[in-house]
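File shown: data.csv. Contents: CSV, C-alpha atoms.
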```csv
chain,number,residue,atom,x,y,z
A,1,MET,CA,-18.3,-8.7,-24.3
A,2,THR,CA,-15.7,-6.0,-23.5
A,3,PHE,CA,-14.1,-6.3,-20.1
A,4,GLU,CA,-14.6,-3.1,-18.1
A,5,PRO,CA,-12.0,-2.8,-15.2
A,6,LYS,CA,-12.9,-1.6,-11.8
A,7,ILE,CA,-10.3,1.0,-10.6
A,8,LEU,CA,-10.0,2.3,-7.0
A,9,SER,CA,-8.6,5.8,-7.0
A,10,PHE,CA,-7.2,7.7,-4.0
A,11,LEU,CA,-7.2,11.5,-4.8
A,12,CYS,CA,-5.4,14.2,-2.8
A,13,ASN,CA,-8.0,16.7,-1.6
A,14,TRP,CA,-6.1,19.8,-2.6
A,15,CYS,CA,-4.9,19.0,-6.1
A,16,ALA,CA,-6.0,15.7,-7.7
A,17,TYR,CA,-9.5,15.9,-6.4
A,18,ALA,CA,-9.8,19.5,-7.4
A,19,GLY,CA,-8.4,18.5,-10.8
A,20,ALA,CA,-11.1,15.8,-11.1
A,21,ASP,CA,-13.7,18.4,-10.2
A,22,LEU,CA,-12.4,20.7,-12.9
A,23,ALA,CA,-12.5,17.8,-15.4
A,24,GLY,CA,-16.2,17.4,-14.7
A,25,ILE,CA,-17.0,21.1,-14.9
A,26,SER,CA,-15.0,21.4,-18.1
A,27,ARG,CA,-16.8,18.2,-19.5
A,28,PHE,CA,-13.5,16.5,-20.3
A,29,GLN,CA,-14.4,12.9,-21.2
A,30,TYR,CA,-13.0,9.9,-19.3
A,31,PRO,CA,-14.4,6.5,-18.6
A,32,PRO,CA,-16.6,6.0,-15.4
A,33,ASN,CA,-14.5,3.0,-14.2
A,34,THR,CA,-13.1,4.7,-11.1
A,35,ARG,CA,-14.3,4.6,-7.6
A,36,VAL,CA,-12.9,7.6,-5.8
A,37,ILE,CA,-11.7,8.0,-2.2
A,38,ARG,CA,-10.7,11.5,-1.3
A,39,VAL,CA,-7.8,11.8,1.2
A,40,MET,CA,-6.4,15.0,2.6
A,41,CYS,CA,-2.9,14.0,1.3
A,42,SER,CA,-1.5,11.3,-0.9
A,43,GLY,CA,0.9,10.6,1.9
A,44,ARG,CA,-2.2,9.4,3.9
A,45,VAL,CA,-2.6,6.4,1.6
A,46,ASP,CA,-1.4,3.5,3.7
A,47,PRO,CA,0.3,1.0,1.3
A,48,ILE,CA,-1.8,-1.9,2.7
A,49,PHE,CA,-4.8,-0.3,1.0
A,50,VAL,CA,-3.3,-1.5,-2.3
A,51,PRO,CA,-3.4,-5.3,-1.8
A,52,LYS,CA,-6.6,-4.9,0.1
A,53,ALA,CA,-8.2,-3.3,-2.9
A,54,PHE,CA,-7.2,-6.2,-5.2
A,55,LEU,CA,-8.5,-8.7,-2.6
A,56,ALA,CA,-11.8,-6.8,-2.7
A,57,GLY,CA,-12.1,-7.3,-6.4
A,58,PHE,CA,-10.6,-4.2,-8.0
A,59,ASP,CA,-8.5,-4.6,-11.1
A,60,GLY,CA,-6.3,-1.5,-10.6
A,61,VAL,CA,-5.3,1.1,-8.0
A,62,MET,CA,-4.5,4.7,-8.8
A,63,ILE,CA,-3.0,7.2,-6.4
A,64,LEU,CA,-2.9,10.8,-7.5
A,65,GLY,CA,-1.4,13.6,-5.5
A,66,CYS,CA,0.1,17.1,-5.8
A,67,HIS,CA,3.2,17.6,-8.0
A,68,PRO,CA,6.5,17.3,-6.1
A,69,GLY,CA,7.2,20.7,-4.5
A,70,ASP,CA,3.5,21.7,-4.3
A,71,CYS,CA,2.3,19.5,-1.5
A,72,HIS,CA,0.1,21.3,1.0
A,73,TYR,CA,1.9,19.3,3.7
A,74,LEU,CA,5.3,19.9,2.3
A,75,THR,CA,6.6,16.3,1.8
A,76,GLY,CA,3.4,14.2,1.9
A,77,ASN,CA,3.6,13.3,-1.8
A,78,LEU,CA,7.3,12.4,-1.4
A,79,GLN,CA,6.3,10.0,1.4
A,80,ALA,CA,3.6,8.6,-0.8
A,81,GLU,CA,6.1,7.9,-3.5
A,82,LYS,CA,8.4,6.0,-1.1
A,83,LYS,CA,5.4,3.9,0.1
A,84,ILE,CA,4.0,3.1,-3.4
A,85,ARG,CA,7.5,2.3,-4.9
A,86,LEU,CA,8.0,-0.2,-2.1
A,87,THR,CA,4.6,-1.7,-2.7
A,88,GLU,CA,5.3,-2.0,-6.4
A,89,ARG,CA,8.6,-3.8,-5.5
A,90,LEU,CA,6.7,-6.3,-3.4
A,91,PHE,CA,4.2,-7.0,-6.2
A,92,GLU,CA,7.1,-7.6,-8.5
A,93,MET,CA,8.9,-10.0,-6.0
A,94,ALA,CA,5.6,-11.9,-5.5
A,95,GLY,CA,5.3,-12.4,-9.3
A,96,ILE,CA,2.1,-10.5,-9.6
A,97,GLY,CA,3.6,-7.5,-11.4
A,98,SER,CA,3.0,-3.8,-10.6
A,99,GLU,CA,1.3,-2.7,-13.9
A,100,ARG,CA,-2.0,-2.4,-12.1
A,101,ILE,CA,-0.7,0.2,-9.7
A,102,LEU,CA,-0.3,3.9,-10.8
A,103,LEU,CA,1.1,6.8,-8.9
A,104,ASP,CA,1.0,10.2,-10.6
A,105,TRP,CA,0.6,13.9,-10.0
A,106,VAL,CA,-2.2,16.3,-10.9
A,107,SER,CA,-2.6,19.9,-9.9
A,108,ALA,CA,-6.0,21.6,-9.3
A,109,GLY,CA,-5.8,23.3,-12.6
A,110,GLU,CA,-5.1,20.2,-14.7
A,111,GLY,CA,-8.5,18.9,-15.4
A,112,GLU,CA,-7.6,17.7,-18.8
A,113,ARG,CA,-4.5,16.0,-17.5
A,114,PHE,CA,-6.6,14.1,-14.9
A,115,ALA,CA,-9.0,12.9,-17.6
A,116,GLN,CA,-6.1,11.8,-19.8
A,117,ILE,CA,-4.4,9.8,-16.9
A,118,VAL,CA,-7.7,8.0,-16.2
A,119,ARG,CA,-8.3,7.2,-19.9
A,120,HIS,CA,-4.8,5.8,-20.3
A,121,PHE,CA,-4.8,3.8,-17.1
A,122,VAL,CA,-8.3,2.3,-17.7
A,123,GLU,CA,-7.2,1.2,-21.1
A,124,LYS,CA,-4.0,-0.3,-19.8
A,125,VAL,CA,-5.8,-2.3,-17.2
A,126,ARG,CA,-8.4,-3.3,-19.8
A,127,GLN,CA,-5.6,-4.7,-21.9
A,128,LEU,CA,-4.3,-6.6,-18.9
A,129,GLY,CA,-7.7,-8.2,-18.2
A,130,PRO,CA,-9.4,-8.9,-14.9
A,131,ILE,CA,-7.3,-9.9,-12.0
A,132,HIS,CA,-7.9,-13.6,-11.3
A,133,LEU,CA,-8.2,-14.2,-7.6
A,134,ASP,CA,-7.3,-17.8,-7.5
A,135,GLU,CA,-5.9,-19.3,-4.3
A,136,GLU,CA,-2.3,-18.6,-5.2
A,137,VAL,CA,-2.9,-15.0,-6.0
A,138,LYS,CA,-4.9,-14.5,-2.8
A,139,GLU,CA,-2.0,-16.0,-0.8
A,140,LYS,CA,0.5,-13.7,-2.5
A,141,LEU,CA,-1.7,-10.6,-1.9
A,142,GLU,CA,-2.2,-11.6,1.8
A,143,ALA,CA,1.6,-12.0,2.1
A,144,ILE,CA,2.1,-8.5,0.6
A,145,ARG,CA,-0.5,-7.1,2.9
A,146,ALA,CA,1.2,-8.7,6.0
A,147,SER,CA,4.6,-7.6,4.9
A,148,LEU,CA,3.4,-4.0,4.5
A,149,GLU,CA,2.1,-4.1,8.1
A,150,SER,CA,5.4,-5.3,9.5
A,151,GLU,CA,7.5,-3.0,11.6
A,152,LYS,CA,10.6,-3.8,9.6
A,153,LEU,CA,9.2,-2.7,6.3
A,154,ARG,CA,7.6,0.4,7.9
A,155,TRP,CA,11.0,1.2,9.1
A,156,VAL,CA,12.4,0.7,5.6
A,157,ILE,CA,9.8,3.1,4.3
A,158,GLY,CA,10.4,5.8,6.9
A,159,LYS,CA,14.1,5.6,7.6
A,160,GLY,CA,15.7,3.6,4.7
A,161,PRO,CA,15.9,6.6,2.3
A,162,GLU,CA,17.4,8.8,5.1
A,163,LEU,CA,20.4,6.4,5.3
A,164,LEU,CA,21.1,7.1,1.6
A,165,GLU,CA,20.7,10.9,1.9
A,166,LYS,CA,22.0,11.9,5.3
A,167,GLU,CA,25.3,11.5,7.2
A,168,ASN,CA,25.5,9.8,10.6
A,169,VAL,CA,26.6,11.6,13.8
A,170,TYR,CA,30.3,11.0,12.8
A,171,GLY,CA,29.7,12.7,9.4
A,172,GLU,CA,29.9,9.5,7.5
A,173,ARG,CA,27.6,8.5,4.7
A,174,GLY,CA,26.8,4.8,4.1
A,175,GLU,CA,27.7,3.1,0.8
A,176,ARG,CA,24.6,3.3,-1.4
A,177,GLU,CA,25.1,-0.1,-2.9
A,178,ARG,CA,25.5,-1.8,0.5
A,179,ILE,CA,22.5,0.0,2.0
A,180,GLU,CA,20.3,-0.7,-1.0
A,181,ALA,CA,21.3,-4.4,-0.9
A,182,VAL,CA,20.4,-4.7,2.8
A,183,MET,CA,17.0,-2.9,2.2
A,184,GLU,CA,16.3,-5.3,-0.8
A,185,GLU,CA,17.2,-8.3,1.3
A,186,THR,CA,15.0,-7.1,4.2
A,187,ILE,CA,12.0,-6.6,1.9
A,188,ARG,CA,12.4,-10.0,0.2
A,189,ASN,CA,12.8,-11.9,3.5
A,190,GLU,CA,9.7,-10.3,5.0
A,191,LEU,CA,7.7,-11.2,1.9
A,192,MET,CA,8.9,-14.8,1.8
A,193,LYS,CA,8.2,-15.3,5.6
A,194,ASN,CA,4.7,-13.9,5.3
A,195,TRP,CA,4.1,-16.0,2.2
A,196,ILE,CA,5.1,-19.1,4.2
A,197,VAL,CA,2.7,-18.2,7.0
A,198,CYS,CA,-0.1,-17.7,4.4
A,199,LEU,CA,0.6,-21.1,2.8
A,200,LEU,CA,0.4,-22.7,6.3
A,201,SER,CA,-3.0,-21.2,6.8
A,202,SER,CA,-4.4,-23.8,4.5
A,203,GLY,CA,-2.8,-26.7,6.4
A,204,PRO,CA,0.5,-28.4,7.4
A,205,ARG,CA,3.3,-28.5,4.9
A,206,SER,CA,6.9,-29.8,5.0
A,207,ALA,CA,9.9,-27.6,4.2
A,208,LYS,CA,10.2,-29.4,0.8
A,209,GLU,CA,6.6,-28.7,-0.1
A,210,ILE,CA,7.0,-25.0,0.8
A,211,SER,CA,10.2,-24.8,-1.3
A,212,GLN,CA,8.4,-26.2,-4.3
A,213,VAL,CA,5.5,-23.7,-4.1
A,214,LEU,CA,7.8,-20.7,-3.5
A,215,ARG,CA,10.4,-22.1,-6.0
A,216,LEU,CA,13.2,-21.4,-3.6
A,217,GLU,CA,16.2,-23.5,-2.5
A,218,LEU,CA,15.4,-25.7,0.5
A,219,GLY,CA,18.3,-24.1,2.5
A,220,GLU,CA,16.7,-20.6,2.2
A,221,ILE,CA,13.3,-22.0,3.2
A,222,LEU,CA,14.8,-23.7,6.3
A,223,SER,CA,16.4,-20.4,7.3
A,224,HIS,CA,13.0,-18.7,7.1
A,225,LEU,CA,11.3,-21.5,9.0
A,226,VAL,CA,13.8,-21.3,11.8
A,227,SER,CA,13.2,-17.6,12.0
A,228,LEU,CA,9.4,-18.0,12.0
A,229,VAL,CA,9.5,-20.7,14.7
A,230,GLY,CA,11.7,-18.4,16.8
A,231,GLU,CA,9.1,-15.6,16.4
A,232,GLY,CA,6.3,-17.9,17.5
A,233,ARG,CA,4.4,-17.4,14.2
A,234,ILE,CA,4.6,-21.1,13.2
A,235,GLY,CA,5.1,-24.4,15.0
A,236,PHE,CA,5.4,-28.1,14.3
A,237,ASP,CA,2.5,-30.3,13.5
A,238,LEU,CA,2.4,-32.8,16.3
A,239,SER,CA,-0.7,-34.6,15.1
A,240,GLU,CA,1.2,-36.5,12.3
A,241,GLU,CA,3.9,-39.0,13.0
A,242,GLY,CA,6.7,-39.4,10.5
A,243,ARG,CA,10.3,-38.8,9.7
A,244,THR,CA,9.6,-35.5,7.8
A,245,PRO,CA,8.4,-32.7,10.1
A,246,LYS,CA,5.6,-30.5,9.0
A,247,TYR,CA,4.9,-27.0,10.0
A,248,VAL,CA,1.6,-25.3,10.9
A,249,LYS,CA,0.6,-21.7,11.5
A,250,ALA,CA,0.7,-20.9,15.2
```
Whole structure given in structure tokens:
Amino acid sequence: MTFEPKILSFLCNWCAYAGADLAGISRFQYPPNTRVIRVMCSGRVDPIFVPKAFLAGFDGVMILGCHPGDCHYLTGNLQAEKKIRLTERLFEMAGIGSERILLDWVSAGEGERFAQIVRHFVEKVRQLGPIHLDEEVKEKLEAIRASLESEKLRWVIGKGPELLEKENVYGERGERERIEAVMEETIRNELMKNWIVCLLSSGPRSAKEISQVLRLELGEILSHLVSLVGEGRIGFDLSEEGRTPKYVKA
């Protein structure tokens, strides 16, 4: 039996949704695998919707907005691009891959383009197969969701690109490589910390056990554990006696 993927699509009201409407009126053929949510702007799509969609059982997520320069809210689609690129990066870091996420542009007069994008994406996800929500994948998705909710990453989404494009009050521009390295490290640290918290949701674990699951050096894990204890998000398991401490979710 051929696998038929379930795709959740977020369509901008002014362009992509109108393009979908035109595709229907013009009778352009495309598979009925998409479940559409109309939003006023692609910039309205919160990045946490993406991991939530996969946790709900969808096999792919598609975000379609106005072409750059044509946004009815000036820069909404550019904001969407920043958010979705960061989301894709988190999926790559978590080892899930970002092939099941699509961001693209469709104008109100591009009904045929809309149909073509849907056909290609559905076929791509069909080739990838269904997303298997085993315990490990669920933990990764929950870690991505929690990371996208964090203040640090929301700051990276909102202000990070400005550090690369604008000068400070002294007329100085930061070094691109250094800023990008700091942003990358911030994203990775948030993901790993949230992944640890998700792992501890299922029961106490030692630092060594966590390092084995995340496939990271013990020293890096200990650094994240110290940070999480300081934030009050995890604590020590006092119910077990032994020489090796175990950690629990607070």
How many Å separate atom CA of Lys83 of chain A from atom CA of Glu110 of chain A?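 Separation of atom CA of Lys83 of chain A and atom CA of Glu110 of chain A: 24.4 Å.
From atom CA of Lys152 of chain A back to atom CA of Lys208 of chain A, the distance works out to 27.1 Å.
Distances from A:Gly69, A:Gly76, A:Gly109, A:Pro32 to Lys6 of chain A were compared using all atoms listed in the file, and the smallest one belongs to A:Pro32.
Using only C-alpha atoms, the smallest distance between any of A:Cys15, A:Ile221, A:Ala56, A:Leu103 and Ile131 of chain A comes from A:Ala56.
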Protein and nucleic acid residues near (-2.6, -4.8, -19.2) (cut-off 12 Å, only C-alpha atoms) as number ranges by chain: A: 3, 5, 59-60, 97-101, 120-131
Please tell me which residues are no farther than 12 Å from (12.5, -19.7, -1.7) in the file, counting all atoms listed in the file, and write them as JSON, numbers by chain. {"A": [93, 94, 188, 189, 190, 191, 192, 193, 194, 195, 196, 207, 208, 209, 210, 211, 212, 213, 214, 215, 216, 217, 218, 219, 220, 221, 222, 223, 224, 225]}
Option closest in space to Trp14 of chain A, from A:Trp105, A:Tyr30, A:Phe49, A:Phe91 [counting all atoms listed in the file]: A:Trp105
Rebuild N, CA and C atoms on segment 207-234 of chain A, as a compact mmCIF listing (two decimals), in the frame of the given file?
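Generated file (out-v3.txt):
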```txt
# COMPACT_ATOMS: atom_id res chain seq x y z
N ALA A 207 8.96 -28.63 4.73
CA ALA A 207 9.90 -27.60 4.20
C ALA A 207 10.02 -27.85 2.66
N LYS A 208 10.06 -29.10 2.24
CA LYS A 208 10.20 -29.40 0.80
C LYS A 208 8.99 -28.93 0.03
N GLU A 209 7.80 -29.16 0.57
CA GLU A 209 6.60 -28.70 -0.10
C GLU A 209 6.54 -27.20 -0.23
N ILE A 210 6.97 -26.51 0.82
CA ILE A 210 7.00 -25.00 0.80
C ILE A 210 7.99 -24.55 -0.25
N SER A 211 9.15 -25.19 -0.31
CA SER A 211 10.20 -24.80 -1.30
C SER A 211 9.70 -24.96 -2.71
N GLN A 212 8.89 -25.99 -2.95
CA GLN A 212 8.40 -26.20 -4.30
C GLN A 212 7.35 -25.18 -4.69
N VAL A 213 6.51 -24.77 -3.75
CA VAL A 213 5.50 -23.70 -4.10
C VAL A 213 6.17 -22.39 -4.29
N LEU A 214 7.12 -22.03 -3.42
CA LEU A 214 7.80 -20.70 -3.50
C LEU A 214 8.91 -20.73 -4.55
N ARG A 215 9.27 -21.92 -5.04
CA ARG A 215 10.40 -22.10 -6.00
C ARG A 215 11.66 -21.49 -5.50
N LEU A 216 11.97 -21.83 -4.24
CA LEU A 216 13.20 -21.40 -3.60
C LEU A 216 14.00 -22.60 -3.14
N GLU A 217 15.31 -22.39 -2.99
CA GLU A 217 16.20 -23.50 -2.50
C GLU A 217 15.74 -23.87 -1.09
N LEU A 218 15.87 -25.16 -0.82
CA LEU A 218 15.40 -25.70 0.50
C LEU A 218 16.20 -25.03 1.62
N GLY A 219 17.48 -24.74 1.41
CA GLY A 219 18.30 -24.10 2.50
C GLY A 219 17.72 -22.76 2.87
N GLU A 220 17.28 -21.96 1.89
CA GLU A 220 16.70 -20.60 2.20
C GLU A 220 15.38 -20.79 2.93
N ILE A 221 14.57 -21.78 2.51
CA ILE A 221 13.30 -22.00 3.20
C ILE A 221 13.52 -22.41 4.64
N LEU A 222 14.47 -23.28 4.88
CA LEU A 222 14.80 -23.70 6.30
C LEU A 222 15.18 -22.54 7.12
N SER A 223 15.94 -21.61 6.54
CA SER A 223 16.40 -20.40 7.30
C SER A 223 15.14 -19.59 7.69
N HIS A 224 14.19 -19.42 6.76
CA HIS A 224 13.00 -18.70 7.10
C HIS A 224 12.13 -19.41 8.11
N LEU A 225 12.06 -20.73 8.01
CA LEU A 225 11.30 -21.50 9.00
C LEU A 225 11.83 -21.40 10.37
N VAL A 226 13.14 -21.46 10.50
CA VAL A 226 13.80 -21.30 11.80
C VAL A 226 13.44 -19.95 12.40
N SER A 227 13.49 -18.92 11.57
CA SER A 227 13.20 -17.60 12.00
C SER A 227 11.71 -17.47 12.48
N LEU A 228 10.80 -18.04 11.70
CA LEU A 228 9.40 -18.00 12.00
C LEU A 228 9.03 -18.75 13.28
N VAL A 229 9.69 -19.91 13.48
CA VAL A 229 9.50 -20.70 14.70
C VAL A 229 9.96 -19.86 15.90
N GLY A 230 11.12 -19.21 15.76
CA GLY A 230 11.70 -18.40 16.80
C GLY A 230 10.76 -17.20 17.17
N GLU A 231 10.07 -16.68 16.17
CA GLU A 231 9.10 -15.60 16.40
C GLU A 231 7.80 -16.02 16.94
N GLY A 232 7.60 -17.34 16.98
CA GLY A 232 6.30 -17.90 17.50
C GLY A 232 5.19 -17.80 16.50
N ARG A 233 5.50 -17.57 15.22
CA ARG A 233 4.40 -17.40 14.20
C ARG A 233 4.04 -18.76 13.61
N ILE A 234 4.92 -19.74 13.65
CA ILE A 234 4.60 -21.10 13.20
C ILE A 234 5.13 -22.10 14.19
```
